[in-house]
>>> print(open('start03.cif').read())   # mmCIF, C-alpha atoms and all ligand atoms
data_entry
#
loop_
_atom_site.label_atom_id
_atom_site.label_comp_id
_atom_site.auth_asym_id
_atom_site.auth_seq_id
_atom_site.Cartn_x
_atom_site.Cartn_y
_atom_site.Cartn_z
CA MET B 28 -23.76 -24.12 -8.44
CA SER B 29 -21.26 -24.27 -5.57
CA PRO B 30 -22.93 -24.39 -2.11
CA PHE B 31 -20.08 -22.24 -0.75
CA GLN B 32 -20.69 -19.15 -2.90
CA ASN B 33 -21.94 -17.00 -0.05
CA ASN B 34 -19.33 -18.13 2.47
CA PRO B 35 -16.76 -15.54 3.58
CA ILE B 36 -13.23 -14.96 2.31
CA GLY B 37 -10.38 -14.79 4.83
CA VAL B 38 -7.61 -12.22 4.41
CA ILE B 39 -4.61 -12.62 6.70
CA ASP B 40 -1.32 -10.96 7.53
CA SER B 41 1.26 -10.89 10.31
CA GLY B 42 -0.48 -7.67 11.33
CA VAL B 43 -2.15 -4.65 9.81
CA GLY B 44 -0.22 -4.52 6.50
CA GLY B 45 -2.68 -6.77 4.68
CA ILE B 46 -5.36 -4.12 5.15
CA SER B 47 -3.72 -2.43 2.12
CA VAL B 48 -4.67 -5.52 0.11
CA LEU B 49 -8.07 -5.86 1.78
CA LYS B 50 -8.98 -2.38 0.51
CA CYS B 51 -8.24 -3.45 -3.08
CA ILE B 52 -10.27 -6.64 -2.59
CA ARG B 53 -13.23 -4.63 -1.32
CA GLU B 54 -13.04 -2.37 -4.39
CA HIS B 55 -13.03 -5.33 -6.78
CA LEU B 56 -15.48 -7.58 -4.92
CA PHE B 57 -18.26 -5.46 -3.51
CA HIS B 58 -20.62 -8.25 -2.42
CA GLU B 59 -18.19 -10.58 -0.68
CA ASN B 60 -18.12 -11.00 3.11
CA LEU B 61 -14.50 -10.48 4.20
CA ILE B 62 -12.82 -11.56 7.43
CA TYR B 63 -9.51 -9.86 8.16
CA VAL B 64 -7.23 -11.53 10.71
CA ALA B 65 -4.13 -9.74 12.02
CA ASP B 66 -1.60 -11.89 13.87
CA SER B 67 -0.12 -8.73 15.36
CA LYS B 68 0.87 -10.33 18.67
CA PHE B 69 3.43 -12.30 16.66
CA ALA B 70 4.48 -9.58 14.19
CA PRO B 71 6.86 -9.08 12.60
CA TYR B 72 7.18 -12.33 10.69
CA GLY B 73 10.11 -10.94 8.70
CA GLU B 74 12.83 -12.27 10.98
CA LYS B 75 11.17 -15.53 12.03
CA SER B 76 12.08 -18.96 10.66
CA SER B 77 9.84 -20.56 8.00
CA GLU B 78 8.78 -23.17 10.57
CA GLU B 79 7.67 -20.52 13.05
CA ILE B 80 5.81 -18.58 10.37
CA THR B 81 4.08 -21.72 9.07
CA HIS B 82 3.02 -22.59 12.62
CA ARG B 83 1.51 -19.13 13.07
CA VAL B 84 -0.24 -19.18 9.70
CA LEU B 85 -1.74 -22.62 10.41
CA THR B 86 -3.12 -21.24 13.68
CA VAL B 87 -4.78 -18.40 11.77
CA PHE B 88 -6.19 -20.88 9.23
CA ASP B 89 -7.70 -22.95 12.08
CA PHE B 90 -9.57 -19.84 13.20
CA LEU B 91 -10.77 -19.11 9.67
CA ASN B 92 -11.79 -22.69 8.97
CA LYS B 93 -14.21 -22.49 11.92
CA GLN B 94 -15.92 -19.67 10.01
CA ASP B 95 -16.26 -21.79 6.87
CA VAL B 96 -14.18 -19.63 4.57
CA LYS B 97 -14.44 -20.46 0.86
CA SER B 98 -11.01 -18.98 0.07
CA VAL B 99 -8.09 -17.30 1.88
CA VAL B 100 -5.78 -14.54 0.70
CA ILE B 101 -2.38 -14.51 2.38
CA ALA B 102 -1.91 -10.74 2.22
CA CYS B 103 1.69 -11.12 3.33
CA ASN B 104 4.73 -11.70 1.12
CA THR B 105 6.75 -13.18 3.99
CA ALA B 106 4.09 -15.73 4.98
CA THR B 107 3.47 -16.67 1.35
CA ALA B 108 7.16 -17.36 0.78
CA ALA B 109 7.37 -19.48 3.94
CA SER B 110 4.19 -21.50 3.82
CA ILE B 111 1.98 -21.37 0.75
CA GLN B 112 2.89 -24.81 -0.53
CA ILE B 113 2.15 -26.47 2.82
CA LEU B 114 -1.19 -24.67 3.01
CA ARG B 115 -2.20 -25.63 -0.53
CA ASP B 116 -1.30 -29.23 0.19
CA ARG B 117 -3.47 -29.20 3.30
CA PHE B 118 -6.60 -27.25 2.31
CA SER B 119 -8.70 -27.74 -0.79
CA TYR B 120 -10.21 -24.24 -1.19
CA PRO B 121 -8.34 -21.63 -3.25
CA ILE B 122 -5.45 -20.00 -1.40
CA ILE B 123 -4.09 -16.84 -2.98
CA GLY B 124 -0.60 -15.70 -2.05
CA MET B 125 1.53 -12.64 -2.74
CA GLU B 126 5.00 -12.03 -4.06
CA PRO B 127 6.90 -8.81 -4.72
CA ALA B 128 5.94 -7.27 -8.09
CA VAL B 129 9.21 -8.21 -9.77
CA LYS B 130 7.67 -9.05 -13.14
CA PRO B 131 5.54 -5.89 -13.52
CA ALA B 132 8.50 -3.79 -12.36
CA SER B 133 10.77 -5.44 -14.94
CA LEU B 134 8.31 -4.52 -17.67
CA MET B 135 7.88 -0.96 -16.41
CA SER B 136 11.52 -0.05 -15.87
CA LYS B 137 13.05 1.94 -18.70
CA ASN B 138 16.65 1.99 -17.48
CA LYS B 139 16.41 -1.62 -16.23
CA ILE B 140 17.43 -0.77 -12.66
CA VAL B 141 14.83 -1.82 -10.10
CA GLY B 142 14.89 -1.45 -6.31
CA ILE B 143 12.99 -3.87 -4.05
CA LEU B 144 12.06 -3.15 -0.45
CA ALA B 145 10.94 -6.23 1.51
CA THR B 146 11.43 -8.09 4.77
CA SER B 147 14.58 -10.14 5.21
CA GLY B 148 12.40 -13.28 5.35
CA THR B 149 11.04 -12.60 1.86
CA LEU B 150 14.41 -11.64 0.40
CA LEU B 151 16.15 -14.72 1.81
CA SER B 152 13.45 -17.18 0.72
CA ALA B 153 13.96 -19.76 -2.03
CA LYS B 154 10.72 -18.60 -3.64
CA PHE B 155 12.01 -15.05 -4.00
CA SER B 156 15.44 -16.17 -5.28
CA ALA B 157 13.71 -18.18 -7.99
CA LEU B 158 11.52 -15.20 -8.91
CA LEU B 159 14.49 -12.86 -9.16
CA GLU B 160 16.54 -15.36 -11.08
CA HIS B 161 13.73 -15.70 -13.60
CA HIS B 162 13.74 -11.97 -14.36
CA SER B 163 17.37 -11.04 -13.91
CA ASN B 164 18.49 -11.53 -17.50
CA ASP B 165 18.25 -7.93 -18.51
CA ILE B 166 17.37 -6.23 -15.20
CA HIS B 167 19.64 -5.11 -12.41
CA PHE B 168 17.77 -5.65 -9.13
CA ILE B 169 18.85 -4.04 -5.87
CA THR B 170 17.21 -5.56 -2.83
CA GLN B 171 16.92 -3.86 0.53
CA PRO B 172 15.64 -5.50 3.73
CA CYS B 173 13.83 -2.92 5.85
CA PHE B 174 14.20 -3.83 9.53
CA GLY B 175 11.93 -1.88 11.86
CA LEU B 176 9.39 -0.50 9.39
CA VAL B 177 6.71 -3.10 10.08
CA GLU B 178 6.83 -2.39 13.82
CA LEU B 179 6.24 1.33 13.20
CA VAL B 180 3.30 0.72 10.85
CA GLU B 181 1.84 -1.69 13.43
CA HIS B 182 1.68 1.28 15.80
CA GLY B 183 0.00 3.44 13.18
CA ASP B 184 3.15 5.47 12.53
CA LEU B 185 3.17 6.39 8.84
CA ASP B 186 5.14 9.64 8.90
CA SER B 187 7.00 10.41 12.15
CA PRO B 188 10.53 11.87 11.90
CA ALA B 189 11.90 8.50 13.12
CA LEU B 190 10.04 6.64 10.38
CA ILE B 191 11.16 9.09 7.67
CA ALA B 192 14.78 8.77 8.85
CA LEU B 193 14.58 4.98 8.67
CA LEU B 194 12.99 5.05 5.23
CA LYS B 195 15.67 7.44 4.00
CA LYS B 196 18.37 5.10 5.25
CA TYR B 197 16.87 2.29 3.15
CA ILE B 198 15.99 4.30 0.05
CA ASP B 199 19.12 6.47 -0.35
CA PRO B 200 21.37 3.57 -1.45
CA LEU B 201 18.78 2.67 -4.11
CA LEU B 202 18.71 6.25 -5.37
CA LYS B 203 22.50 6.22 -5.64
CA GLU B 204 22.15 3.19 -7.93
CA LYS B 205 19.74 5.26 -10.09
CA ILE B 206 16.69 3.01 -9.86
CA ASP B 207 13.69 4.16 -11.92
CA THR B 208 11.23 1.65 -10.39
CA LEU B 209 10.68 0.76 -6.74
CA VAL B 210 8.89 -2.41 -5.66
CA LEU B 211 7.13 -2.43 -2.28
CA GLY B 212 7.52 -6.12 -1.44
CA CYS B 213 5.76 -6.03 1.92
CA THR B 214 2.10 -5.17 2.38
CA HIS B 215 2.86 -2.92 5.36
CA TYR B 216 4.97 -0.66 3.11
CA SER B 217 2.00 0.20 0.88
CA PHE B 218 0.80 2.43 3.70
CA LEU B 219 4.11 4.29 3.49
CA LYS B 220 3.68 5.33 -0.16
CA PRO B 221 3.00 9.00 0.67
CA ALA B 222 6.11 9.12 2.91
CA ILE B 223 8.22 7.33 0.28
CA GLN B 224 7.06 9.75 -2.38
CA THR B 225 8.54 12.65 -0.39
CA LEU B 226 11.96 10.94 -0.53
CA ILE B 227 12.21 10.01 -4.21
CA PRO B 228 12.18 12.00 -7.46
CA ASP B 229 8.90 12.08 -9.39
CA HIS B 230 10.11 9.92 -12.27
CA ILE B 231 10.57 6.84 -10.04
CA LYS B 232 7.55 4.57 -10.23
CA ILE B 233 6.33 2.74 -7.13
CA VAL B 234 4.81 -0.71 -7.65
CA ASP B 235 2.88 -2.84 -5.20
CA THR B 236 0.64 -5.84 -5.61
CA GLY B 237 -2.73 -5.24 -3.92
CA ASN B 238 -4.73 -4.60 -7.10
CA ALA B 239 -3.20 -7.50 -8.98
CA VAL B 240 -4.03 -9.85 -6.10
CA ALA B 241 -7.61 -8.59 -5.89
CA ASN B 242 -8.03 -9.06 -9.65
CA TYR B 243 -6.59 -12.53 -9.48
CA LEU B 244 -8.84 -13.46 -6.56
CA LYS B 245 -11.88 -12.36 -8.57
CA HIS B 246 -10.72 -14.40 -11.54
CA VAL B 247 -10.30 -17.51 -9.34
CA LEU B 248 -13.72 -17.07 -7.72
CA VAL B 249 -15.39 -16.80 -11.13
CA GLU B 250 -13.49 -19.79 -12.45
CA LYS B 251 -14.42 -21.96 -9.44
CA ASP B 252 -18.02 -20.76 -9.40
CA LEU B 253 -17.44 -19.25 -5.94
CA LEU B 254 -18.46 -15.64 -6.56
CA SER B 255 -20.96 -14.40 -3.96
CA GLN B 256 -24.58 -14.16 -5.06
CA ASN B 257 -25.36 -11.60 -2.32
CA ILE B 258 -27.21 -8.55 -3.56
CA ALA B 259 -26.33 -6.42 -0.53
CA SER B 260 -22.83 -5.04 -0.01
CA GLY B 261 -20.55 -7.45 1.86
CA THR B 262 -19.44 -7.12 5.48
CA THR B 263 -15.83 -6.58 6.55
CA ASN B 264 -14.96 -8.00 9.97
CA PHE B 265 -11.66 -7.27 11.65
CA TRP B 266 -9.96 -9.52 14.18
CA THR B 267 -6.61 -9.07 15.88
CA ASN B 268 -4.70 -10.68 18.74
CA SER B 269 -2.81 -7.48 19.52
CA LEU B 270 -2.90 -6.52 23.19
CA ASP B 271 -2.04 -2.92 22.30
CA LYS B 272 -4.95 -0.74 23.43
CA ASN B 273 -4.72 1.26 20.19
CA ALA B 274 -4.92 -1.77 17.89
CA ASP B 275 -8.59 -1.22 17.02
CA LYS B 276 -7.99 2.45 16.21
CA VAL B 277 -4.92 1.69 14.09
CA MET B 278 -6.88 -0.84 12.02
CA ALA B 279 -9.85 1.54 11.64
CA ASP B 280 -7.55 4.40 10.53
CA LEU B 281 -5.73 2.22 8.00
CA TRP B 282 -9.03 0.92 6.65
CA GLY B 283 -10.25 4.54 6.34
CA GLY B 284 -13.41 5.41 4.47
CA ASN B 285 -16.89 4.89 5.82
CA PRO B 286 -16.74 3.94 9.55
CA GLU B 287 -19.93 1.88 9.10
CA SER B 288 -18.01 -0.48 6.83
CA TYR B 289 -15.56 -1.27 9.65
CA ASN B 290 -16.64 -3.97 12.12
CA TYR B 291 -14.20 -4.65 14.92
CA ARG B 292 -14.75 -8.15 16.26
CA GLY B 293 -12.04 -8.23 18.90
CA LEU B 294 -9.33 -10.67 19.95
CA TRP B 295 -9.26 -13.85 17.95
CA VAL B 296 -6.87 -15.83 20.16
N1 LIG B 301 3.19 -7.65 5.71
C1 LIG B 301 4.14 -8.65 5.58
C2 LIG B 301 4.68 -8.86 4.19
O1 LIG B 301 4.03 -8.55 3.22
C3 LIG B 301 5.09 -9.05 6.64
C4 LIG B 301 5.64 -8.15 7.59
C5 LIG B 301 6.30 -8.81 8.76
O2 LIG B 301 5.56 -9.29 9.61
O3 LIG B 301 7.53 -8.85 8.81
O4 LIG B 301 5.74 -9.40 4.03
#
>>> encode(input="start03.cif", output="structure tokens", more="lines below")
Ligand code: DGL
Amino acid sequence: MSPFQNNPIGVIDSGVGGISVLKCIREHLFHENLIYVADSKFAPYGEKSSEEITHRVLTVFDFLNKQDVKSVVIACNTATAASIQILRDRFSYPIIGMEPAVKPASLMSKNKIVGILATSGTLLSAKFSALLEHHSNDIHFITQPCFGLVELVEHGDLDSPALIALLKKYIDPLLKEKIDTLVLGCTHYSFLKPAIQTLIPDHIKIVDTGNAVANYLKHVLVEKDLLSQNIASGTTNFWTNSLDKNADKVMADLWGGNPESYNYRGLWV
């Protein structure tokens, strides 16, 4: 039996976007203690260099290592693309990353035209190019970097007229290309699903990755004998380094659900 079974799991993102993944993890893994760390002071990552992103992510890992995490989920496509290999080389516990749902979308699309919304960092990464290349035999992919969306979600804006106008600017060209499947390749965008749905016809399917990541995490924990043996429900602690006075409220709203399950722990650095 692993001595680390009841240690916490870290879930990290450049900001609040990874809370969309955290919610899926909580649904799949009821007894785990979860520590969410938002690096919001340094968001967005999308236009930073890989070196800068890796430096930030290593700083977040230092914080989590002091809390004896047994595993970390990088709930951020951009950070995964920039740094997962370096992290896996450095730390021995399981590190779960994310990538845009290109494969599931390829299988779902009937007309073989798939749109992908992501940050420019993800779209320009070697990891993403390889992923696209692997699936582009019979699928036409249209990629769209979405500058400015992450900043709005960071402020808790999920549906203002300015946000809808920006979304429309990014989605209209994909509609013109007649996509039937839309990949949300950034965890912040999962919170925009209701707004996106108002801008696209009903037959277009939206795909994101939170559930698949949560399922995979569970599989890895079982395989490594790291599943929590707690009988009580797990705790969910939230940390941010945002100096915005609304940061706590934004995180609580995005988490939603039972306020007792939300524990704000404050500034982490
Ligand atoms: N939530 C992040 C992602 O999945 C990154 C957003 C950003 O900081 O640019 O890519």
>>> residues_near_ligand(input="start03.cif", ligand="ligand LIG 301 (chain B)", cutoff="7 Å", atoms="all atoms listed in the file", output="list in words")
Asp40, Ser41, Gly42, Gly44, Gly45, Ala70, Pro71, Tyr72, Gly73, Glu74, Ala102, Cys103, Asn104, Thr105, Ala106, Ala145, Thr146, Thr149, Val177, Gly212, Cys213, Thr214 and His215 of chain B
>>> atom_distance(input="start03.cif", atom1="atom CA of B:Leu270", atom2="atom CA of B:Leu294")
8.3 Å
>>> residues_around(input="start03.cif", residues="stretch 50-54 of chain B", least_positions_apart="5", cutoff="10 Å", atoms="all atoms listed in the file", output="ChimeraX atom specification")
/B:38,45,59-61,100,236-245,260-263,281-284
>>> residues_near_point(input="start03.cif", point="(3.7, -1.6, 13.9)", cutoff="12 Å", atoms="all atoms listed in the file", output="JSON, numbers by chain")
{"B": [41, 42, 43, 44, 65, 66, 67, 68, 69, 70, 71, 72, 174, 175, 176, 177, 178, 179, 180, 181, 182, 183, 184, 185, 190, 215, 216, 218, 219, 269, 271, 273, 274, 277, 278, 281]}
>>> closest_residue(input="start03.cif", among="B:Thr267, B:Leu202, B:Phe168, B:Pro127", to="B:Val296", atoms="all atoms listed in the file")
B:Thr267
>>> closest_residue(input="start03.cif", among="B:Thr86, B:Ser98, B:Ser163, B:Ser47", to="B:Ser255", atoms="all atoms listed in the file")
B:Ser98
>>> closest_residue(input="start03.cif", among="B:Ser136, B:Asn34, B:Asn164, B:Ser288", to="B:Lys97", atoms="only C-alpha atoms")
B:Asn34
>>> residues_around(input="start03.cif", residues="B:Glu204", least_positions_apart="4", cutoff="12 Å", atoms="all atoms listed in the file", output="ChimeraX atom specification")
/B:138-142,167-170,198-200,208-209
>>> closest_residue(input="start03.cif", among="B:Leu211, B:Phe57, B:Asn33, B:Asp116", to="B:Ala128", atoms="all atoms listed in the file")
B:Leu211
>>> atom_distance(input="start03.cif", atom1="atom CA of B:Leu91", atom2="atom CA of B:Ile62")
8.1 Å
>>> closest_residue(input="start03.cif", among="B:Gly148, B:Ile258, B:Val64, B:Phe265", to="B:Val84", atoms="only C-alpha atoms")
B:Val64
>>> closest_residue(input="start03.cif", among="B:Ala153, B:Ala189, B:Val96, B:Ile223", to="B:Ile122", atoms="only C-alpha atoms")
B:Val96
>>> atom_distance(input="start03.cif", atom1="atom CA of B:Gln224", atom2="atom CA of B:Ile166")
22.9 Å
>>> decode(input="start03.cif", residues="stretch 78-89 of chain B", atoms="all heavy atoms", output="tab-separated table (two decimals), in the first residue's frame")
chain	number	residue	atom	x	y	z
B	78	GLU	N	9.66	29.40	-22.06
B	78	GLU	CA	10.58	29.54	-20.91
B	78	GLU	C	9.87	30.25	-19.76
B	78	GLU	O	9.94	29.82	-18.61
B	78	GLU	CB	11.84	30.32	-21.30
B	78	GLU	CG	12.78	29.61	-22.25
B	78	GLU	CD	12.26	29.53	-23.69
B	78	GLU	OE1	11.39	30.35	-24.08
B	78	GLU	OE2	12.71	28.64	-24.42
B	79	GLU	N	9.17	31.33	-20.10
B	79	GLU	CA	8.47	32.08	-19.04
B	79	GLU	C	7.40	31.20	-18.39
B	79	GLU	O	7.24	31.19	-17.17
B	79	GLU	CB	7.77	33.31	-19.64
B	79	GLU	CG	8.66	34.51	-19.87
B	79	GLU	CD	7.85	35.60	-20.56
B	79	GLU	OE1	7.50	35.42	-21.75
B	79	GLU	OE2	7.56	36.62	-19.92
B	80	ILE	N	6.66	30.48	-19.23
B	80	ILE	CA	5.58	29.64	-18.69
B	80	ILE	C	6.17	28.55	-17.80
B	80	ILE	O	5.70	28.31	-16.68
B	80	ILE	CB	4.74	29.01	-19.83
B	80	ILE	CG1	4.02	30.12	-20.61
B	80	ILE	CG2	3.73	28.01	-19.29
B	80	ILE	CD1	3.37	29.66	-21.90
B	81	THR	N	7.25	27.92	-18.26
B	81	THR	CA	7.86	26.85	-17.47
B	81	THR	C	8.34	27.40	-16.12
B	81	THR	O	8.17	26.77	-15.07
B	81	THR	CB	9.03	26.21	-18.24
B	81	THR	OG1	8.51	25.74	-19.49
B	81	THR	CG2	9.66	25.06	-17.50
B	82	HIS	N	8.92	28.60	-16.14
B	82	HIS	CA	9.37	29.22	-14.90
B	82	HIS	C	8.19	29.41	-13.94
B	82	HIS	O	8.29	29.10	-12.74
B	82	HIS	CB	10.05	30.56	-15.20
B	82	HIS	CG	10.34	31.36	-13.97
B	82	HIS	ND1	11.33	30.99	-13.08
B	82	HIS	CD2	9.74	32.47	-13.46
B	82	HIS	CE1	11.33	31.85	-12.07
B	82	HIS	NE2	10.38	32.75	-12.28
B	83	ARG	N	7.08	29.90	-14.46
B	83	ARG	CA	5.89	30.11	-13.62
B	83	ARG	C	5.39	28.77	-13.06
B	83	ARG	O	5.08	28.63	-11.88
B	83	ARG	CB	4.75	30.79	-14.41
B	83	ARG	CG	4.92	32.25	-14.74
B	83	ARG	CD	5.28	33.10	-13.56
B	83	ARG	NE	4.47	32.80	-12.39
B	83	ARG	CZ	4.84	33.04	-11.14
B	83	ARG	NH1	6.00	33.57	-10.87
B	83	ARG	NH2	4.03	32.74	-10.13
B	84	VAL	N	5.30	27.78	-13.94
B	84	VAL	CA	4.74	26.49	-13.52
B	84	VAL	C	5.64	25.83	-12.46
B	84	VAL	O	5.15	25.27	-11.48
B	84	VAL	CB	4.52	25.57	-14.74
B	84	VAL	CG1	4.07	24.19	-14.31
B	84	VAL	CG2	3.48	26.17	-15.68
B	85	LEU	N	6.95	25.99	-12.61
B	85	LEU	CA	7.85	25.43	-11.60
B	85	LEU	C	7.66	26.12	-10.25
B	85	LEU	O	7.74	25.48	-9.19
B	85	LEU	CB	9.31	25.56	-12.06
B	85	LEU	CG	9.74	24.55	-13.14
B	85	LEU	CD1	11.11	24.92	-13.71
B	85	LEU	CD2	9.75	23.12	-12.59
B	86	THR	N	7.37	27.41	-10.29
B	86	THR	CA	7.10	28.14	-9.03
B	86	THR	C	5.84	27.58	-8.36
B	86	THR	O	5.79	27.41	-7.14
B	86	THR	CB	6.91	29.65	-9.33
B	86	THR	OG1	8.01	30.08	-10.13
B	86	THR	CG2	6.84	30.48	-8.08
B	87	VAL	N	4.82	27.30	-9.17
B	87	VAL	CA	3.58	26.73	-8.60
B	87	VAL	C	3.87	25.32	-8.04
B	87	VAL	O	3.39	24.97	-6.95
B	87	VAL	CB	2.47	26.67	-9.68
B	87	VAL	CG1	1.20	26.09	-9.07
B	87	VAL	CG2	2.19	28.05	-10.27
B	88	PHE	N	4.66	24.55	-8.75
B	88	PHE	CA	5.00	23.20	-8.27
B	88	PHE	C	5.75	23.27	-6.94
B	88	PHE	O	5.53	22.44	-6.05
B	88	PHE	CB	5.82	22.43	-9.32
B	88	PHE	CG	4.97	21.60	-10.24
B	88	PHE	CD1	4.11	22.19	-11.14
B	88	PHE	CD2	5.02	20.21	-10.20
B	88	PHE	CE1	3.31	21.43	-12.00
B	88	PHE	CE2	4.23	19.43	-11.04
B	88	PHE	CZ	3.38	20.04	-11.95
B	89	ASP	N	6.65	24.26	-6.78
B	89	ASP	CA	7.37	24.42	-5.50
B	89	ASP	C	6.36	24.56	-4.36
B	89	ASP	O	6.51	23.96	-3.30
B	89	ASP	CB	8.22	25.70	-5.51
B	89	ASP	CG	9.55	25.46	-6.18
B	89	ASP	OD1	9.86	24.29	-6.45
B	89	ASP	OD2	10.26	26.46	-6.45
